[in-house]
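Undergrad: Below are the C-alpha cells for one structure; questions will follow.
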Amino acid sequence: MSNGKTILGLVGSPNKDGLTNHLVDAALKGAREAGVKVELVQMSDYVVDACLDCTAPTCSKDLKCSYNDENMEYLGERILNCSGFVLGTPVYWGDTSGMVKYFITKMYRIYAASGPFEGLPSLGIAIAGGSGNGLLTGLLPIYHLFRIMKMRALDPLPVTRFNLNQTIDIATESGRLIVQMAEDRHPFKRREESLLLYDRLPFLGKNLGDERRLLTAIISAAIPEERRHEIIGDLEKADSLARSGKIVESLAEINKVYDSCMRILA
Ligand SMILES: Cc1cc2nc3c(=O)[nH]c(=O)nc-3n(C[C@H](O)[C@H](O)[C@H](O)COP(=O)(O)O)c2cc1C
C-alpha cells in the first residue's frame, strides 16, 4: 500500500550519521518495506528556538509561534502532513537533547489545545550511547508529548550501545507496525482509553532501580561468552532479594553485576 501516506522520522541529534540517525532510519526502512513513502528530517537543520511565552497564548490560536520561528513552522507542518511519526533522541544527562526539548515545548504550546495529531501512530526512540544510564528517563519527555497530543503510541524503544543491533531490528519491525496502524487511524474515543494505553506501555512507569536492573541485564548480555565467568554478582539473586523486600540488598547485588560488567567492557 502507499495511499499517499508518509511516515516521518525526526532525528534529534546533532550527529547526522550517529546512532539516533541509524535507529530512526531503521524504523523508516520498515515503513518503506511495508509500501509507504518515508521522510527523514535532521532536526539539527531546523533547530527550534526556546519558547518565549506569548502569555495569551496567541500561538495556540494562530497555530504558529508568535515569535516567528520558521524552523518550528517547518517541523510542525511536516508532522501535520504525516500519517505516522518517529521521534528519536540521544540521551543527554538522562533526558532528551536540547533541540528535542525545545521542539517538544513549542509543540504543546501551539497544538495541544486544537488536537490535530489525535490518533497519529507514533514511536519514540531514546539512545543512551554512553554509560547507558537514562535509557528509560530519556523516553519520558517524548511519551509525555505523545500522550498530551493524544497520539496513539507504539511501545517505546530504549536503546544503549550494548544492545544496538537487537534494537535496530525492533525499530524496523515498529516501522512496519506504524504503517499498519496508519491504514486506519483511531483517535481515542474517551480520555480513559488514552490513559490506559499509556499506563500499559512498557518501560515508562519504572523507577531508577528498575532502570539500573534493565541496563545491567542489557550490559551483562553483551559480555562475550569466554569472559562471563568474570561477572561478579547475580541478577537472579537480586530479584529474589527484591521479592523478599530487601530492596537495598537487591540494588547492591545489581550494582555488583553492573560494576563488574563495566570493568570487563572497559
Ligand atoms: C551532553 C551529553 C550528555 C550525555 N549524557 C548521556 C547519558 O546520560 N547517558 C548515556 O548513556 N549517554 C550520554 N551521552 C552519550 C550519548 O547518548 C551518545 O553519544 C549517543 O550516541 C549520542 O547519539 P548520536 O550518536 O545520535 O549523537 C551524552 C552525550 C552528551 C553530548
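Ordering of the C-alpha cells sets the chain letters (A, B, ...); residue numbers start at 1 within each chain; ligands are numbered from 1 in the order shown.
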Counting only C-alpha atoms and all ligand atoms, what are the residues, protein, DNA or RNA alike, that approach ligand 1 to within 10 Å? I want them as JSON, numbers by chain.
TA: {"A": [11, 12, 13, 14, 15, 16, 17, 18, 19, 20, 21, 22, 23, 24, 88, 89, 90, 91, 92, 93, 94, 95, 96, 97, 98, 126, 127, 128, 129, 130, 131, 132, 133, 134, 135, 137, 138, 159, 160, 161, 215]}
Undergrad: Which residues, written as a PyMOL selection string, have at least one atom at most 9 Å from A:Ile170, with only C-alpha atoms counted and residues fewer than 3 positions away on the same chain left out?
TA: chain A and resi 26-27+157+166-167+173-175
Undergrad: Could you write those residues out with N, CA, C and O atoms, as a compact mmCIF listing (two decimals), in the first residue's frame?
TA:
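Once everything was written out, this is part-v6.txt:
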```
# COMPACT_ATOMS: atom_id res chain seq x y z
N ALA A 26 16.27 2.96 10.61
CA ALA A 26 15.82 1.56 10.64
C ALA A 26 14.30 1.48 10.72
O ALA A 26 13.67 0.64 10.05
N ALA A 27 13.70 2.37 11.50
CA ALA A 27 12.23 2.38 11.59
C ALA A 27 11.63 2.76 10.23
O ALA A 27 10.65 2.15 9.77
N LEU A 157 11.09 2.57 22.57
CA LEU A 157 12.30 1.79 22.28
C LEU A 157 13.50 2.40 23.02
O LEU A 157 14.10 3.36 22.55
N GLN A 166 20.26 -5.54 18.30
CA GLN A 166 18.92 -6.10 18.52
C GLN A 166 17.85 -5.02 18.35
O GLN A 166 16.78 -5.28 17.80
N THR A 167 18.15 -3.81 18.84
CA THR A 167 17.11 -2.77 18.80
C THR A 167 16.92 -2.21 17.39
O THR A 167 15.84 -1.73 17.06
N GLU A 173 10.88 -3.39 12.78
CA GLU A 173 9.57 -4.03 12.98
C GLU A 173 8.52 -2.98 13.39
O GLU A 173 7.38 -3.00 12.91
N SER A 174 8.92 -2.06 14.25
CA SER A 174 7.98 -0.99 14.67
C SER A 174 7.60 -0.12 13.48
O SER A 174 6.46 0.35 13.40
N GLY A 175 8.55 0.09 12.57
CA GLY A 175 8.25 0.87 11.36
C GLY A 175 7.16 0.21 10.53
O GLY A 175 6.28 0.87 9.98
```
Undergrad: Could you check how far atom CA of A:Tyr67 sits from atom CA of A:Gly84, in Å to one decimal?
TA: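 Between atom CA of A:Tyr67 and atom CA of A:Gly84 the gap works out to 28.1 Å.
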Undergrad: Could you tell me which of A:Met107, A:Leu120, A:Leu208, A:Ile254 comes closest to A:Ser60 if we count only C-alpha atoms?
TA: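 That would be A:Met107, the residue with the smallest distance to A:Ser60.
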Undergrad: Could you jot down the atom CA of A:Ser240 to atom CA of A:Cys261 separation for me, Å, one decimal place?
TA: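 Taking atom CA of A:Ser240 as the start and atom CA of A:Cys261 as the end point, the length is 20.4 Å.
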Undergrad: Just how far from atom CA of A:Asn81 is atom CA of A:Arg32, in Å to one decimal?
TA: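 Rounded to one decimal, the two atoms are 16.9 Å apart.
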Undergrad: Going by DSSP on the backbone, which bits of stretch 2-228 of chain A are helix (DSSP H, G or I)? Write them as number ranges by chain, please.
TA: A: 19-33, 43-45, 59-62, 70-80, 98-111, 137-148, 164-183, 191-200, 208-221, 225-228
Undergrad: DSSP on the backbone, then: every residue of stretch 68-139 of chain A marked strand (DSSP E or B), written as an MDAnalysis selection string.
TA: chainID A and resid 84:90 92 95 121:128
Undergrad: Convert the current residue selection to file output with all heavy atoms, as a short mmCIF file (atom, residue, chain, number, x, y, z; two decimals), in the first residue's frame.
TA:
```
data_model
loop_
_atom_site.label_atom_id
_atom_site.label_comp_id
_atom_site.auth_asym_id
_atom_site.auth_seq_id
_atom_site.Cartn_x
_atom_site.Cartn_y
_atom_site.Cartn_z
N GLY A 84 2.28 8.81 10.11
CA GLY A 84 2.92 8.09 11.21
C GLY A 84 4.19 8.84 11.57
O GLY A 84 4.83 9.45 10.68
N PHE A 85 4.58 8.80 12.84
CA PHE A 85 5.62 9.71 13.32
C PHE A 85 6.64 8.93 14.16
O PHE A 85 6.27 8.15 15.04
CB PHE A 85 4.91 10.77 14.18
CG PHE A 85 5.81 11.79 14.81
CD1 PHE A 85 6.87 12.36 14.12
CD2 PHE A 85 5.56 12.22 16.12
CE1 PHE A 85 7.68 13.31 14.71
CE2 PHE A 85 6.37 13.17 16.73
CZ PHE A 85 7.44 13.72 16.02
N VAL A 86 7.92 9.15 13.86
CA VAL A 86 9.00 8.56 14.65
C VAL A 86 9.86 9.70 15.17
O VAL A 86 10.29 10.56 14.39
CB VAL A 86 9.88 7.62 13.79
CG1 VAL A 86 11.01 7.02 14.63
CG2 VAL A 86 9.04 6.52 13.14
N LEU A 87 10.08 9.73 16.48
CA LEU A 87 10.94 10.77 17.06
C LEU A 87 12.07 10.10 17.82
O LEU A 87 11.84 9.33 18.76
CB LEU A 87 10.11 11.66 18.01
CG LEU A 87 10.87 12.74 18.77
CD1 LEU A 87 11.65 13.67 17.85
CD2 LEU A 87 9.88 13.59 19.61
N GLY A 88 13.30 10.36 17.38
CA GLY A 88 14.47 9.76 18.02
C GLY A 88 15.33 10.82 18.68
O GLY A 88 15.58 11.88 18.11
N THR A 89 15.78 10.51 19.89
CA THR A 89 16.67 11.44 20.59
C THR A 89 17.88 10.72 21.17
O THR A 89 17.75 9.57 21.61
CB THR A 89 15.93 12.15 21.76
OG1 THR A 89 16.83 13.12 22.34
CG2 THR A 89 15.50 11.19 22.85
N PRO A 90 19.04 11.36 21.17
CA PRO A 90 20.13 10.83 22.00
C PRO A 90 19.81 11.16 23.46
O PRO A 90 19.10 12.14 23.72
CB PRO A 90 21.35 11.62 21.53
CG PRO A 90 20.82 12.90 20.96
CD PRO A 90 19.41 12.63 20.50
N TYR A 92 20.83 12.75 26.72
CA TYR A 92 21.78 13.70 27.30
C TYR A 92 21.42 13.87 28.77
O TYR A 92 20.35 14.39 29.09
CB TYR A 92 21.69 15.06 26.59
CG TYR A 92 22.31 15.12 25.20
CD1 TYR A 92 22.25 16.29 24.45
CD2 TYR A 92 22.96 14.03 24.62
CE1 TYR A 92 22.81 16.38 23.19
CE2 TYR A 92 23.52 14.11 23.35
CZ TYR A 92 23.44 15.28 22.64
OH TYR A 92 24.00 15.36 21.37
N ASP A 95 18.05 12.73 29.79
CA ASP A 95 16.93 13.50 29.22
C ASP A 95 17.07 13.47 27.70
O ASP A 95 17.99 12.85 27.17
CB ASP A 95 17.00 14.93 29.77
CG ASP A 95 15.65 15.61 29.84
OD1 ASP A 95 14.84 15.41 28.92
OD2 ASP A 95 15.42 16.35 30.81
N PRO A 121 -0.22 7.45 14.79
CA PRO A 121 0.67 6.40 15.32
C PRO A 121 2.08 6.97 15.50
O PRO A 121 2.63 7.55 14.57
CB PRO A 121 0.67 5.32 14.23
CG PRO A 121 -0.40 5.68 13.28
CD PRO A 121 -0.71 7.13 13.45
N SER A 122 2.65 6.78 16.68
CA SER A 122 3.92 7.45 16.99
C SER A 122 4.85 6.53 17.78
O SER A 122 4.43 5.84 18.71
CB SER A 122 3.64 8.72 17.81
OG SER A 122 2.83 9.59 17.07
N LEU A 123 6.11 6.59 17.40
CA LEU A 123 7.14 5.77 18.04
C LEU A 123 8.24 6.68 18.57
O LEU A 123 8.75 7.53 17.84
CB LEU A 123 7.74 4.81 16.99
CG LEU A 123 9.04 4.10 17.38
CD1 LEU A 123 8.80 3.09 18.51
CD2 LEU A 123 9.65 3.40 16.16
N GLY A 124 8.63 6.47 19.84
CA GLY A 124 9.73 7.22 20.43
C GLY A 124 10.93 6.32 20.64
O GLY A 124 10.80 5.18 21.10
N ILE A 125 12.11 6.85 20.30
CA ILE A 125 13.36 6.09 20.46
C ILE A 125 14.33 6.97 21.24
O ILE A 125 14.50 8.15 20.91
CB ILE A 125 13.98 5.75 19.09
CG1 ILE A 125 13.00 4.98 18.21
CG2 ILE A 125 15.27 4.98 19.27
CD1 ILE A 125 13.48 4.76 16.77
N ALA A 126 14.95 6.41 22.29
CA ALA A 126 15.98 7.15 23.02
C ALA A 126 17.23 6.29 23.05
O ALA A 126 17.17 5.12 23.43
CB ALA A 126 15.51 7.46 24.44
N ILE A 127 18.36 6.87 22.65
CA ILE A 127 19.61 6.11 22.62
C ILE A 127 20.59 6.68 23.65
O ILE A 127 21.06 7.81 23.50
CB ILE A 127 20.22 6.04 21.19
CG1 ILE A 127 21.72 5.71 21.24
CG2 ILE A 127 20.00 7.28 20.37
CD1 ILE A 127 22.02 4.28 21.40
N ALA A 128 20.80 5.87 24.70
CA ALA A 128 21.78 6.23 25.73
C ALA A 128 23.10 5.61 25.29
O ALA A 128 23.42 4.47 25.63
CB ALA A 128 21.33 5.70 27.09
#
```
Undergrad: I'd like to know which of A:Ala252, A:Gly205, A:Ser194, A:Ile264 is closest to A:Arg227, using only C-alpha atoms.
TA: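 Smallest separation from A:Arg227 among the options: A:Ile264.
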Undergrad: Choose the residue, out of A:Val41, A:Arg152, A:Ala31, A:Gly245, that has the smallest atom-to-atom separation from A:Leu196; count only C-alpha atoms.
TA: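 Smallest distance to A:Leu196 is found for A:Arg152.
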Undergrad: From the options A:Lys101, A:Lys246, A:Lys5, A:Lys37, which residue's atoms come nearest to A:Glu183, counting only C-alpha atoms?
TA: A:Lys5
Undergrad: Rank nothing, just name the residue among A:Glu226, A:Asp259, A:Asp169, A:Asp62 nearest to A:Arg212, using only C-alpha atoms.
TA: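 Among A:Glu226, A:Asp259, A:Asp169, A:Asp62, it is A:Asp259 that comes nearest to A:Arg212.
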